[in-house]
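A.B. asks: Okay, handing you the structure first.
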Amino acid sequence: MAQQVKAVVARAKGAPVEVTTIVVPDPGPGEAVVRIQACGVCHTDLHYREGGINDEFPFLLGHEAAGIVETVGEGVTEVAPGDFVVLNWRAVCGQCRSCQRGRPQYCFNTHNAEQKMTLLDGTELSPALGIGAFAEKTLVAAGQCTKVDPAADPAVAGLLGCGVMAGIGAAINTGNVGRGDSVAVIGCGGVGGAAVLGSRLAGAGKIIAVDIDDRKLATARKLGATHTVNSTATDAVEAIRELTGGNGADVVVEAVGRPETYKQAFYARDLAGTVVLVGVPTPEMQLELPLLDVFGRGGALKSSWYGDCLPSRDFPMLIDLYLQGRLDLGAFVSETIELDAVEQAFERMHHGDVLRSVVVL
Ligand code: APR
Ligand code: ZN
Ligand code: ZN
């Protein structure tokens, strides 16, 4: 039977979000209903509320979540009721041309639940990134549920569902950071901080954190940065070159999503080095670079979508490392809050006061 649960909904562009009752249908074929235990507050939720993603209001916000599978629909074999799962926003299809070539991490046809969750009056909701997890329960495609070790704290595990995975993956999957590499990370919020952590995990020799906020640089140190640069006071490119013997870093991760910081990343990398863009630009942004420099400096200019992760491969592995004390995922949880405090959390995020606020249910 369909259930009524409390959830955070954005009804109109720019309007404060509200906690209201929504209707969650029973899972259909290939779907699962998940009882949410924790869900992080991400910039993307705020972008939805501000109408920056599309106009399909009302949105059911929240997408960095962990919880327990409650019920599954027909034909679901990958998860069962009682499983502890992290939700992902890229359930791979197994059939598109990328999956067929053995590259499911780039799947071009990821999917979500077919049925719609609604408001009490029947208005269909648009779940953020096909998840919608600022809710006591949500409906997703079963492939969006990735089983991980239930010993993990849900508030920590859920963050792997988006920003933290994006950052770690930008370094280890997209950037291919390896032992002894020099890495620079420009922008050390939740995503960039995770890129620092991922670089340390991968054995980088030098990890240079760049930000305009000293608080973020202090956190980056704790996550493994060996050097920090405040780019309001110092030229980021020169500082990174100086710290790398005049050469530039092997890998530079851009975790802001702006043309200026992309240019810094481009010129702060060594010849034949790699730039990874994981920060998300807005539609009006343009990049201008001398084509001769693009050619002449060689190497790779890559973008990283969701850290090029394969949830079924990466989530359980990272949770295991966290449980072994080898990966400080707990550092990203700045505070835990109640469901009705998402609006205030947006405010703190906007002011750069937190890496992540996490709603705990
Ligand atoms: N130079 C260096 N750092 C900057 C600059 C700049 N010009 N402008 C902003 N920053 C820093 C901020 O101080 C902050 O620490 O970048 C960081 C951005 O972090 P958050 O706001 O916490 O955002 P985060 O969740 O890390 O996401 C970063 O990735 O997923 C995308 O949409 C997201 O584009 C955003 C990016
Ligand atoms: Zn596919
Ligand atoms: Zn997110």
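Residues are named by chain letter and number: chains run A, B, ... in the order of the structure tokens, numbers start at 1 in each chain, and ligands are numbered from 1 in the order shown.
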Neighbours of ligand 1 at 6 Å or closer, counting only C-alpha atoms and all ligand atoms: which residues, as a PyMOL selection string?

C.D. replies: chain A and resi 43+163+186-192+210-213+216+255-257+261+278-280+355

A.B. asks: Could those residues be written to a file, using N, CA and C atoms, as a PDB file, in the first residue's frame?

C.D. replies:
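Output (again12.pdb):
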ATOM      1  N   HIS A  43      25.076  21.385  -2.811  1.00  0.00           N
ATOM      2  CA  HIS A  43      24.777  22.571  -3.618  1.00  0.00           C
ATOM      3  C   HIS A  43      23.701  22.298  -4.662  1.00  0.00           C
ATOM      4  N   GLY A 163      28.843  14.203  -3.503  1.00  0.00           N
ATOM      5  CA  GLY A 163      30.012  15.085  -3.530  1.00  0.00           C
ATOM      6  C   GLY A 163      31.328  14.443  -3.127  1.00  0.00           C
ATOM      7  N   ILE A 186      42.283  22.824  -6.554  1.00  0.00           N
ATOM      8  CA  ILE A 186      41.821  24.214  -6.479  1.00  0.00           C
ATOM      9  C   ILE A 186      40.360  24.230  -6.044  1.00  0.00           C
ATOM     10  N   GLY A 187      40.101  24.814  -4.876  1.00  0.00           N
ATOM     11  CA  GLY A 187      38.756  24.795  -4.292  1.00  0.00           C
ATOM     12  C   GLY A 187      38.637  23.603  -3.368  1.00  0.00           C
ATOM     13  N   CYS A 188      38.635  23.859  -2.062  1.00  0.00           N
ATOM     14  CA  CYS A 188      38.661  22.744  -1.104  1.00  0.00           C
ATOM     15  C   CYS A 188      37.422  22.718  -0.227  1.00  0.00           C
ATOM     16  N   GLY A 189      36.253  22.743  -0.855  1.00  0.00           N
ATOM     17  CA  GLY A 189      35.003  22.485  -0.144  1.00  0.00           C
ATOM     18  C   GLY A 189      34.845  20.973   0.006  1.00  0.00           C
ATOM     19  N   GLY A 190      33.593  20.517   0.048  1.00  0.00           N
ATOM     20  CA  GLY A 190      33.355  19.084   0.196  1.00  0.00           C
ATOM     21  C   GLY A 190      33.989  18.282  -0.932  1.00  0.00           C
ATOM     22  N   VAL A 191      33.843  18.764  -2.154  1.00  0.00           N
ATOM     23  CA  VAL A 191      34.346  18.024  -3.314  1.00  0.00           C
ATOM     24  C   VAL A 191      35.876  18.081  -3.381  1.00  0.00           C
ATOM     25  N   GLY A 192      36.436  19.297  -3.305  1.00  0.00           N
ATOM     26  CA  GLY A 192      37.888  19.435  -3.352  1.00  0.00           C
ATOM     27  C   GLY A 192      38.561  18.762  -2.158  1.00  0.00           C
ATOM     28  N   VAL A 210      44.468  24.644  -2.637  1.00  0.00           N
ATOM     29  CA  VAL A 210      44.303  26.066  -2.944  1.00  0.00           C
ATOM     30  C   VAL A 210      42.860  26.464  -2.654  1.00  0.00           C
ATOM     31  N   ASP A 211      42.685  27.550  -1.917  1.00  0.00           N
ATOM     32  CA  ASP A 211      41.325  28.053  -1.669  1.00  0.00           C
ATOM     33  C   ASP A 211      41.446  29.538  -1.334  1.00  0.00           C
ATOM     34  N   ILE A 212      40.282  30.199  -1.268  1.00  0.00           N
ATOM     35  CA  ILE A 212      40.281  31.622  -0.894  1.00  0.00           C
ATOM     36  C   ILE A 212      39.825  31.785   0.555  1.00  0.00           C
ATOM     37  N   ASP A 213      39.585  30.657   1.221  1.00  0.00           N
ATOM     38  CA  ASP A 213      39.053  30.675   2.579  1.00  0.00           C
ATOM     39  C   ASP A 213      39.992  29.857   3.476  1.00  0.00           C
ATOM     40  N   LYS A 216      38.863  26.525   4.967  1.00  0.00           N
ATOM     41  CA  LYS A 216      38.886  25.352   4.087  1.00  0.00           C
ATOM     42  C   LYS A 216      40.308  24.802   3.968  1.00  0.00           C
ATOM     43  N   ALA A 255      38.004  22.110  -8.526  1.00  0.00           N
ATOM     44  CA  ALA A 255      36.765  21.759  -7.817  1.00  0.00           C
ATOM     45  C   ALA A 255      35.961  23.000  -7.456  1.00  0.00           C
ATOM     46  N   VAL A 256      36.021  24.013  -8.328  1.00  0.00           N
ATOM     47  CA  VAL A 256      35.206  25.213  -8.135  1.00  0.00           C
ATOM     48  C   VAL A 256      34.157  25.297  -9.252  1.00  0.00           C
ATOM     49  N   GLY A 257      34.637  25.140 -10.514  1.00  0.00           N
ATOM     50  CA  GLY A 257      33.714  25.211 -11.646  1.00  0.00           C
ATOM     51  C   GLY A 257      33.605  26.601 -12.216  1.00  0.00           C
ATOM     52  N   THR A 261      39.404  29.698 -12.429  1.00  0.00           N
ATOM     53  CA  THR A 261      40.099  28.637 -11.699  1.00  0.00           C
ATOM     54  C   THR A 261      40.490  27.502 -12.648  1.00  0.00           C
ATOM     55  N   VAL A 278      36.103  18.938 -11.988  1.00  0.00           N
ATOM     56  CA  VAL A 278      34.998  18.279 -11.283  1.00  0.00           C
ATOM     57  C   VAL A 278      33.998  19.317 -10.773  1.00  0.00           C
ATOM     58  N   GLY A 279      34.439  20.590 -10.655  1.00  0.00           N
ATOM     59  CA  GLY A 279      33.512  21.679 -10.322  1.00  0.00           C
ATOM     60  C   GLY A 279      32.528  21.843 -11.467  1.00  0.00           C
ATOM     61  N   VAL A 280      31.294  22.215 -11.148  1.00  0.00           N
ATOM     62  CA  VAL A 280      30.253  22.280 -12.182  1.00  0.00           C
ATOM     63  C   VAL A 280      30.029  23.733 -12.614  1.00  0.00           C
ATOM     64  N   LEU A 355      31.432  21.810   5.535  1.00  0.00           N
ATOM     65  CA  LEU A 355      31.691  20.935   4.384  1.00  0.00           C
ATOM     66  C   LEU A 355      30.365  20.281   4.016  1.00  0.00           C
TER      67      LEU A 355
END

A.B. asks: Ligand 2: which residues are within 7 Å, counting only C-alpha atoms and all ligand atoms? Reply as a PyMOL selection string.

C.D. replies: chain A and resi 92-99+104+107-110

A.B. asks: Emit the selected residues as a JSON list (two decimals), in the first residue's frame, including N, CA and C atoms.

C.D. replies:
[["chain", "number", "residue", "atom", "x", "y", "z"],
["A", 92, "VAL", "N", 23.40, 1.95, -13.55],
["A", 92, "VAL", "CA", 23.84, 1.64, -14.92],
["A", 92, "VAL", "C", 22.90, 0.64, -15.59],
["A", 93, "CYS", "N", 22.80, 0.74, -16.93],
["A", 93, "CYS", "CA", 21.79, -0.04, -17.65],
["A", 93, "CYS", "C", 22.31, -1.41, -18.10],
["A", 94, "GLY", "N", 23.61, -1.52, -18.33],
["A", 94, "GLY", "CA", 24.18, -2.79, -18.78],
["A", 94, "GLY", "C", 24.03, -3.04, -20.27],
["A", 95, "GLN", "N", 23.32, -2.14, -20.98],
["A", 95, "GLN", "CA", 23.03, -2.42, -22.39],
["A", 95, "GLN", "C", 23.42, -1.34, -23.38],
["A", 96, "CYS", "N", 23.70, -0.13, -22.88],
["A", 96, "CYS", "CA", 24.03, 0.95, -23.82],
["A", 96, "CYS", "C", 25.41, 0.69, -24.44],
["A", 97, "ARG", "N", 25.81, 1.53, -25.39],
["A", 97, "ARG", "CA", 27.06, 1.25, -26.08],
["A", 97, "ARG", "C", 28.27, 1.36, -25.15],
["A", 98, "SER", "N", 28.16, 2.18, -24.09],
["A", 98, "SER", "CA", 29.29, 2.27, -23.16],
["A", 98, "SER", "C", 29.36, 1.03, -22.27],
["A", 99, "CYS", "N", 28.21, 0.62, -21.73],
["A", 99, "CYS", "CA", 28.18, -0.60, -20.92],
["A", 99, "CYS", "C", 28.67, -1.79, -21.73],
["A", 104, "PRO", "N", 30.97, 0.54, -17.86],
["A", 104, "PRO", "CA", 29.69, 0.91, -17.23],
["A", 104, "PRO", "C", 29.77, 2.19, -16.42],
["A", 107, "CYS", "N", 28.13, 4.76, -18.30],
["A", 107, "CYS", "CA", 26.81, 4.41, -18.84],
["A", 107, "CYS", "C", 26.06, 5.64, -19.37],
["A", 108, "PHE", "N", 25.56, 5.54, -20.61],
["A", 108, "PHE", "CA", 24.87, 6.68, -21.23],
["A", 108, "PHE", "C", 23.36, 6.60, -21.03],
["A", 109, "ASN", "N", 22.89, 5.60, -20.30],
["A", 109, "ASN", "CA", 21.44, 5.42, -20.18],
["A", 109, "ASN", "C", 21.05, 5.01, -18.76],
["A", 110, "THR", "N", 21.55, 5.78, -17.78],
["A", 110, "THR", "CA", 21.23, 5.44, -16.39],
["A", 110, "THR", "C", 19.75, 5.71, -16.13]]

A.B. asks: Could the residues of chain A that have an atom at most 10 Å from ligand 3 be listed as JSON lines, each with its closest atom pair and the distance in Å to one decimal, counting only C-alpha atoms and all ligand atoms and ordered by chain and ascending residue number?

C.D. replies:
{"residue": "A:Gly40", "atom": "CA", "partner": "ligand 3", "partner_atom_place_in_ligand_line": "1 (Zn)", "distance": 8.0}
{"residue": "A:Val41", "atom": "CA", "partner": "ligand 3", "partner_atom_place_in_ligand_line": "1 (Zn)", "distance": 7.4}
{"residue": "A:Cys42", "atom": "CA", "partner": "ligand 3", "partner_atom_place_in_ligand_line": "1 (Zn)", "distance": 4.6}
{"residue": "A:His43", "atom": "CA", "partner": "ligand 3", "partner_atom_place_in_ligand_line": "1 (Zn)", "distance": 6.3}
{"residue": "A:Thr44", "atom": "CA", "partner": "ligand 3", "partner_atom_place_in_ligand_line": "1 (Zn)", "distance": 5.3}
{"residue": "A:Asp45", "atom": "CA", "partner": "ligand 3", "partner_atom_place_in_ligand_line": "1 (Zn)", "distance": 7.1}
{"residue": "A:Leu46", "atom": "CA", "partner": "ligand 3", "partner_atom_place_in_ligand_line": "1 (Zn)", "distance": 9.7}
{"residue": "A:Gly62", "atom": "CA", "partner": "ligand 3", "partner_atom_place_in_ligand_line": "1 (Zn)", "distance": 8.0}
{"residue": "A:His63", "atom": "CA", "partner": "ligand 3", "partner_atom_place_in_ligand_line": "1 (Zn)", "distance": 6.2}
{"residue": "A:Glu64", "atom": "CA", "partner": "ligand 3", "partner_atom_place_in_ligand_line": "1 (Zn)", "distance": 6.0}
{"residue": "A:Ala65", "atom": "CA", "partner": "ligand 3", "partner_atom_place_in_ligand_line": "1 (Zn)", "distance": 9.7}
{"residue": "A:Trp89", "atom": "CA", "partner": "ligand 3", "partner_atom_place_in_ligand_line": "1 (Zn)", "distance": 9.3}
{"residue": "A:Ala128", "atom": "CA", "partner": "ligand 3", "partner_atom_place_in_ligand_line": "1 (Zn)", "distance": 9.0}
{"residue": "A:Leu129", "atom": "CA", "partner": "ligand 3", "partner_atom_place_in_ligand_line": "1 (Zn)", "distance": 8.3}
{"residue": "A:Leu159", "atom": "CA", "partner": "ligand 3", "partner_atom_place_in_ligand_line": "1 (Zn)", "distance": 8.4}
{"residue": "A:Leu160", "atom": "CA", "partner": "ligand 3", "partner_atom_place_in_ligand_line": "1 (Zn)", "distance": 9.4}
{"residue": "A:Gly161", "atom": "CA", "partner": "ligand 3", "partner_atom_place_in_ligand_line": "1 (Zn)", "distance": 7.5}
{"residue": "A:Cys162", "atom": "CA", "partner": "ligand 3", "partner_atom_place_in_ligand_line": "1 (Zn)", "distance": 4.5}
{"residue": "A:Gly163", "atom": "CA", "partner": "ligand 3", "partner_atom_place_in_ligand_line": "1 (Zn)", "distance": 5.1}
{"residue": "A:Val164", "atom": "CA", "partner": "ligand 3", "partner_atom_place_in_ligand_line": "1 (Zn)", "distance": 8.6}
{"residue": "A:Met165", "atom": "CA", "partner": "ligand 3", "partner_atom_place_in_ligand_line": "1 (Zn)", "distance": 9.5}
{"residue": "A:Ala166", "atom": "CA", "partner": "ligand 3", "partner_atom_place_in_ligand_line": "1 (Zn)", "distance": 8.7}
{"residue": "A:Gly190", "atom": "CA", "partner": "ligand 3", "partner_atom_place_in_ligand_line": "1 (Zn)", "distance": 9.9}
{"residue": "A:Val191", "atom": "CA", "partner": "ligand 3", "partner_atom_place_in_ligand_line": "1 (Zn)", "distance": 9.4}
{"residue": "A:Tyr306", "atom": "CA", "partner": "ligand 3", "partner_atom_place_in_ligand_line": "1 (Zn)", "distance": 9.0}

A.B. asks: Next, write the just-selected residues to a file, as a PDB file, in the first residue's frame, keeping N, CA and C atoms as the atom set.

C.D. replies:
ATOM      1  N   GLY A  40      22.832  14.052   3.157  1.00  0.00           N
ATOM      2  CA  GLY A  40      23.630  15.280   3.193  1.00  0.00           C
ATOM      3  C   GLY A  40      23.003  16.390   2.364  1.00  0.00           C
ATOM      4  N   VAL A  41      23.328  17.628   2.734  1.00  0.00           N
ATOM      5  CA  VAL A  41      22.844  18.803   2.006  1.00  0.00           C
ATOM      6  C   VAL A  41      23.919  19.220   1.007  1.00  0.00           C
ATOM      7  N   CYS A  42      23.551  19.265  -0.276  1.00  0.00           N
ATOM      8  CA  CYS A  42      24.516  19.503  -1.357  1.00  0.00           C
ATOM      9  C   CYS A  42      24.101  20.757  -2.140  1.00  0.00           C
ATOM     10  N   HIS A  43      25.076  21.385  -2.811  1.00  0.00           N
ATOM     11  CA  HIS A  43      24.777  22.571  -3.618  1.00  0.00           C
ATOM     12  C   HIS A  43      23.701  22.298  -4.662  1.00  0.00           C
ATOM     13  N   THR A  44      23.693  21.091  -5.176  1.00  0.00           N
ATOM     14  CA  THR A  44      22.742  20.757  -6.228  1.00  0.00           C
ATOM     15  C   THR A  44      21.300  20.887  -5.722  1.00  0.00           C
ATOM     16  N   ASP A  45      21.073  20.580  -4.445  1.00  0.00           N
ATOM     17  CA  ASP A  45      19.718  20.757  -3.888  1.00  0.00           C
ATOM     18  C   ASP A  45      19.311  22.229  -3.935  1.00  0.00           C
ATOM     19  N   LEU A  46      20.276  23.069  -3.583  1.00  0.00           N
ATOM     20  CA  LEU A  46      20.015  24.507  -3.618  1.00  0.00           C
ATOM     21  C   LEU A  46      19.792  24.977  -5.059  1.00  0.00           C
ATOM     22  N   GLY A  62      17.193  16.391  -1.822  1.00  0.00           N
ATOM     23  CA  GLY A  62      18.024  15.420  -1.095  1.00  0.00           C
ATOM     24  C   GLY A  62      18.487  14.285  -1.990  1.00  0.00           C
ATOM     25  N   HIS A  63      19.802  14.028  -1.986  1.00  0.00           N
ATOM     26  CA  HIS A  63      20.289  12.929  -2.839  1.00  0.00           C
ATOM     27  C   HIS A  63      21.594  12.299  -2.373  1.00  0.00           C
ATOM     28  N   GLU A  64      22.137  12.729  -1.194  1.00  0.00           N
ATOM     29  CA  GLU A  64      23.392  12.110  -0.705  1.00  0.00           C
ATOM     30  C   GLU A  64      23.018  11.260   0.491  1.00  0.00           C
ATOM     31  N   ALA A  65      22.500  10.063   0.245  1.00  0.00           N
ATOM     32  CA  ALA A  65      21.780   9.382   1.321  1.00  0.00           C
ATOM     33  C   ALA A  65      22.154   7.922   1.520  1.00  0.00           C
ATOM     34  N   TRP A  89      23.133   8.104  -7.986  1.00  0.00           N
ATOM     35  CA  TRP A  89      22.266   8.697  -9.023  1.00  0.00           C
ATOM     36  C   TRP A  89      22.646   8.244 -10.420  1.00  0.00           C
ATOM     37  N   ALA A 128      15.186  15.101  -6.681  1.00  0.00           N
ATOM     38  CA  ALA A 128      16.511  15.608  -7.032  1.00  0.00           C
ATOM     39  C   ALA A 128      17.415  14.456  -7.461  1.00  0.00           C
ATOM     40  N   LEU A 129      18.021  14.608  -8.649  1.00  0.00           N
ATOM     41  CA  LEU A 129      18.897  13.584  -9.225  1.00  0.00           C
ATOM     42  C   LEU A 129      18.254  12.198  -9.218  1.00  0.00           C
ATOM     43  N   LEU A 159      27.218  10.334   2.290  1.00  0.00           N
ATOM     44  CA  LEU A 159      27.941  11.358   1.544  1.00  0.00           C
ATOM     45  C   LEU A 159      28.669  10.790   0.330  1.00  0.00           C
ATOM     46  N   LEU A 160      28.945   9.490   0.351  1.00  0.00           N
ATOM     47  CA  LEU A 160      29.574   8.866  -0.823  1.00  0.00           C
ATOM     48  C   LEU A 160      28.646   8.917  -2.026  1.00  0.00           C
ATOM     49  N   GLY A 161      27.350   9.115  -1.760  1.00  0.00           N
ATOM     50  CA  GLY A 161      26.374   9.115  -2.843  1.00  0.00           C
ATOM     51  C   GLY A 161      26.505  10.270  -3.814  1.00  0.00           C
ATOM     52  N   CYS A 162      27.299  11.300  -3.460  1.00  0.00           N
ATOM     53  CA  CYS A 162      27.435  12.420  -4.404  1.00  0.00           C
ATOM     54  C   CYS A 162      28.788  13.106  -4.269  1.00  0.00           C
ATOM     55  N   GLY A 163      28.843  14.203  -3.503  1.00  0.00           N
ATOM     56  CA  GLY A 163      30.012  15.085  -3.530  1.00  0.00           C
ATOM     57  C   GLY A 163      31.328  14.443  -3.127  1.00  0.00           C
ATOM     58  N   VAL A 164      31.305  13.640  -2.087  1.00  0.00           N
ATOM     59  CA  VAL A 164      32.556  13.040  -1.618  1.00  0.00           C
ATOM     60  C   VAL A 164      33.077  12.023  -2.631  1.00  0.00           C
ATOM     61  N   MET A 165      32.165  11.266  -3.222  1.00  0.00           N
ATOM     62  CA  MET A 165      32.576  10.333  -4.284  1.00  0.00           C
ATOM     63  C   MET A 165      33.108  11.092  -5.492  1.00  0.00           C
ATOM     64  N   ALA A 166      32.452  12.212  -5.805  1.00  0.00           N
ATOM     65  CA  ALA A 166      32.906  13.009  -6.954  1.00  0.00           C
ATOM     66  C   ALA A 166      34.350  13.454  -6.755  1.00  0.00           C
ATOM     67  N   GLY A 190      33.593  20.517   0.048  1.00  0.00           N
ATOM     68  CA  GLY A 190      33.355  19.084   0.196  1.00  0.00           C
ATOM     69  C   GLY A 190      33.989  18.282  -0.932  1.00  0.00           C
ATOM     70  N   VAL A 191      33.843  18.764  -2.154  1.00  0.00           N
ATOM     71  CA  VAL A 191      34.346  18.024  -3.314  1.00  0.00           C
ATOM     72  C   VAL A 191      35.876  18.081  -3.381  1.00  0.00           C
ATOM     73  N   TYR A 306      30.647  12.736 -11.474  1.00  0.00           N
ATOM     74  CA  TYR A 306      30.421  11.809 -10.357  1.00  0.00           C
ATOM     75  C   TYR A 306      31.710  11.041 -10.055  1.00  0.00           C
TER      76      TYR A 306
END

A.B. asks: Do you know which residues are at most 12 Å from A:Val294 counting only C-alpha atoms, after dropping those on the same chain fewer than 4 positions away, and could you put them as a list in words?

C.D. replies: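 So the residues in contact are Lys263, Phe266, Tyr267, Arg269, Leu271, Ala272, Gly273, Thr274, Val275, Glu288, Leu289, Pro290, Gly298, Gly299, Ala300 and Leu301 of chain A.
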
A.B. asks: Would you save the residues of that selection, restricted to N, CA and C atoms, as an mmCIF file, in the first residue's frame?

C.D. replies:
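Saved to selection-v7.cif:
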data_model
loop_
_atom_site.group_PDB
_atom_site.id
_atom_site.type_symbol
_atom_site.label_atom_id
_atom_site.label_comp_id
_atom_site.auth_asym_id
_atom_site.auth_seq_id
_atom_site.Cartn_x
_atom_site.Cartn_y
_atom_site.Cartn_z
ATOM 1 N N LYS A 263 41.550 28.044 -15.689
ATOM 2 C CA LYS A 263 42.797 28.546 -16.291
ATOM 3 C C LYS A 263 43.971 28.349 -15.345
ATOM 4 N N PHE A 266 44.920 24.832 -15.579
ATOM 5 C CA PHE A 266 45.564 24.561 -16.867
ATOM 6 C C PHE A 266 47.043 24.938 -16.842
ATOM 7 N N TYR A 267 47.347 26.112 -16.269
ATOM 8 C CA TYR A 267 48.743 26.586 -16.274
ATOM 9 C C TYR A 267 49.541 26.109 -15.066
ATOM 10 N N ARG A 269 49.710 22.983 -14.149
ATOM 11 C CA ARG A 269 50.095 21.572 -14.286
ATOM 12 C C ARG A 269 51.402 21.480 -15.060
ATOM 13 N N LEU A 271 54.115 19.930 -17.775
ATOM 14 C CA LEU A 271 53.983 19.479 -19.165
ATOM 15 C C LEU A 271 53.498 18.031 -19.143
ATOM 16 N N ALA A 272 52.606 17.706 -20.043
ATOM 17 C CA ALA A 272 52.036 16.354 -20.130
ATOM 18 C C ALA A 272 51.252 15.963 -18.885
ATOM 19 N N GLY A 273 50.922 16.945 -18.054
ATOM 20 C CA GLY A 273 50.128 16.662 -16.859
ATOM 21 C C GLY A 273 48.636 16.570 -17.177
ATOM 22 N N THR A 274 47.870 16.384 -16.119
ATOM 23 C CA THR A 274 46.426 16.181 -16.290
ATOM 24 C C THR A 274 45.647 17.249 -15.526
ATOM 25 N N VAL A 275 44.641 17.822 -16.181
ATOM 26 C CA VAL A 275 43.681 18.679 -15.486
ATOM 27 C C VAL A 275 42.378 17.904 -15.371
ATOM 28 N N GLU A 288 38.393 30.704 -22.503
ATOM 29 C CA GLU A 288 39.235 31.084 -23.628
ATOM 30 C C GLU A 288 40.680 30.751 -23.299
ATOM 31 N N LEU A 289 41.322 29.984 -24.159
ATOM 32 C CA LEU A 289 42.719 29.577 -23.948
ATOM 33 C C LEU A 289 43.429 29.599 -25.292
ATOM 34 N N PRO A 290 44.727 29.971 -25.327
ATOM 35 C CA PRO A 290 45.462 29.876 -26.582
ATOM 36 C C PRO A 290 45.527 28.409 -27.028
ATOM 37 N N GLY A 298 50.663 19.500 -24.067
ATOM 38 C CA GLY A 298 50.395 18.058 -24.075
ATOM 39 C C GLY A 298 49.501 17.619 -22.928
ATOM 40 N N GLY A 299 49.545 16.338 -22.631
ATOM 41 C CA GLY A 299 48.812 15.821 -21.480
ATOM 42 C C GLY A 299 47.324 15.703 -21.720
ATOM 43 N N ALA A 300 46.561 15.758 -20.631
ATOM 44 C CA ALA A 300 45.136 15.440 -20.710
ATOM 45 C C ALA A 300 44.288 16.476 -20.000
ATOM 46 N N LEU A 301 43.232 16.909 -20.683
ATOM 47 C CA LEU A 301 42.237 17.800 -20.073
ATOM 48 C C LEU A 301 40.962 16.992 -19.941
#

A.B. asks: Any chance you could tabulate, as CSV, the residues of stretch 70-153 of chain A at most 8 Å from stretch 316-339 of chain A with each one's nearest atom pair and distance in Å to one decimal, using only C-alpha atoms, in chain and rising number order?

C.D. replies:
residue,atom,partner,partner_atom,distance
A:Phe134,CA,A:Leu339,CA,6.8
A:Ala135,CA,A:Leu339,CA,7.8
A:Thr146,CA,A:Pro316,CA,7.9
A:Lys147,CA,A:Pro316,CA,7.0
A:Val148,CA,A:Pro316,CA,4.9
A:Asp149,CA,A:Pro316,CA,6.9
A:Ala151,CA,A:Leu323,CA,7.6
A:Ala152,CA,A:Leu323,CA,6.7

A.B. asks: Would you save the residues from that selection as an mmCIF file, in the first residue's frame, using C-alpha atoms?

C.D. replies:
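Saved file result35.cif follows:
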data_model
loop_
_atom_site.group_PDB
_atom_site.id
_atom_site.type_symbol
_atom_site.label_atom_id
_atom_site.label_comp_id
_atom_site.auth_asym_id
_atom_site.auth_seq_id
_atom_site.Cartn_x
_atom_site.Cartn_y
_atom_site.Cartn_z
ATOM 1 C CA PHE A 134 15.159 14.413 2.430
ATOM 2 C CA ALA A 135 12.283 12.098 3.244
ATOM 3 C CA THR A 146 24.436 0.008 -3.466
ATOM 4 C CA LYS A 147 24.971 -2.391 -0.571
ATOM 5 C CA VAL A 148 27.765 -1.485 1.821
ATOM 6 C CA ASP A 149 28.943 -2.749 5.233
ATOM 7 C CA ALA A 151 28.809 -1.103 10.400
ATOM 8 C CA ALA A 152 29.250 2.299 8.719
#

A.B. asks: Taking the chain letters and numbering used in this document, name the residues of stretch 172-215 of chain A that DSSP puts in alpha helix (DSSP H), as number ranges by chain.

C.D. replies: A: 190-201, 214-215

A.B. asks: Please, could you write that set of residues out with C-alpha atoms as a CSV table (one decimal), in the first residue's frame?

C.D. replies:
chain,number,residue,atom,x,y,z
A,190,GLY,CA,33.4,19.1,0.2
A,191,VAL,CA,34.3,18.0,-3.3
A,192,GLY,CA,37.9,19.4,-3.4
A,193,GLY,CA,38.5,18.2,0.2
A,194,ALA,CA,37.5,14.7,-1.0
A,195,ALA,CA,40.0,15.1,-3.9
A,196,VAL,CA,42.7,15.8,-1.3
A,197,LEU,CA,41.7,12.8,0.7
A,198,GLY,CA,41.6,10.6,-2.4
A,199,SER,CA,45.0,11.8,-3.5
A,200,ARG,CA,46.5,10.9,-0.1
A,201,LEU,CA,44.8,7.4,-0.4
A,214,ASP,CA,41.6,29.8,5.3
A,215,ARG,CA,39.0,27.6,7.1

A.B. asks: Using only C-alpha atoms, which residue out of A:Ser312, A:Thr138, A:Gln4, A:Thr21 lies closest to A:Val34?

C.D. replies: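 Nearest candidate to A:Val34 out of A:Ser312, A:Thr138, A:Gln4, A:Thr21: A:Thr138.
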
A.B. asks: Pick out the residues sitting within 9 Å of A:Glu70, and hand them over as an MDAnalysis selection string; count only C-alpha atoms, and ignore anything fewer than 3 positions along from it in its own chain.

C.D. replies: chainID A and resid 32:35 80:83 137

A.B. asks: Write out, as a compact mmCIF listing (two decimals), in the first residue's frame, the residues just selected, with N, CA and C atoms.

C.D. replies:
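Everything below was put into part32.txt:
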# COMPACT_ATOMS: atom_id res chain seq x y z
N ALA A 32 12.67 -0.07 -5.63
CA ALA A 32 12.81 -0.35 -4.20
C ALA A 32 12.36 0.86 -3.40
N VAL A 33 11.76 0.63 -2.25
CA VAL A 33 11.48 1.69 -1.29
C VAL A 33 12.54 1.59 -0.19
N VAL A 34 13.17 2.74 0.09
CA VAL A 34 14.26 2.77 1.07
C VAL A 34 13.87 3.67 2.23
N ARG A 35 14.06 3.17 3.45
CA ARG A 35 13.87 3.99 4.65
C ARG A 35 15.16 4.77 4.86
N ALA A 80 17.81 -6.67 -1.14
CA ALA A 80 16.66 -7.28 -0.48
C ALA A 80 16.30 -6.44 0.74
N PRO A 81 15.05 -6.57 1.23
CA PRO A 81 14.65 -5.83 2.43
C PRO A 81 15.65 -6.08 3.56
N GLY A 82 16.00 -5.01 4.26
CA GLY A 82 16.95 -5.11 5.37
C GLY A 82 18.37 -4.72 5.00
N ASP A 83 18.68 -4.68 3.70
CA ASP A 83 20.04 -4.31 3.28
C ASP A 83 20.32 -2.84 3.60
N LYS A 137 11.07 8.12 3.70
CA LYS A 137 11.22 7.01 2.76
C LYS A 137 11.23 7.56 1.35
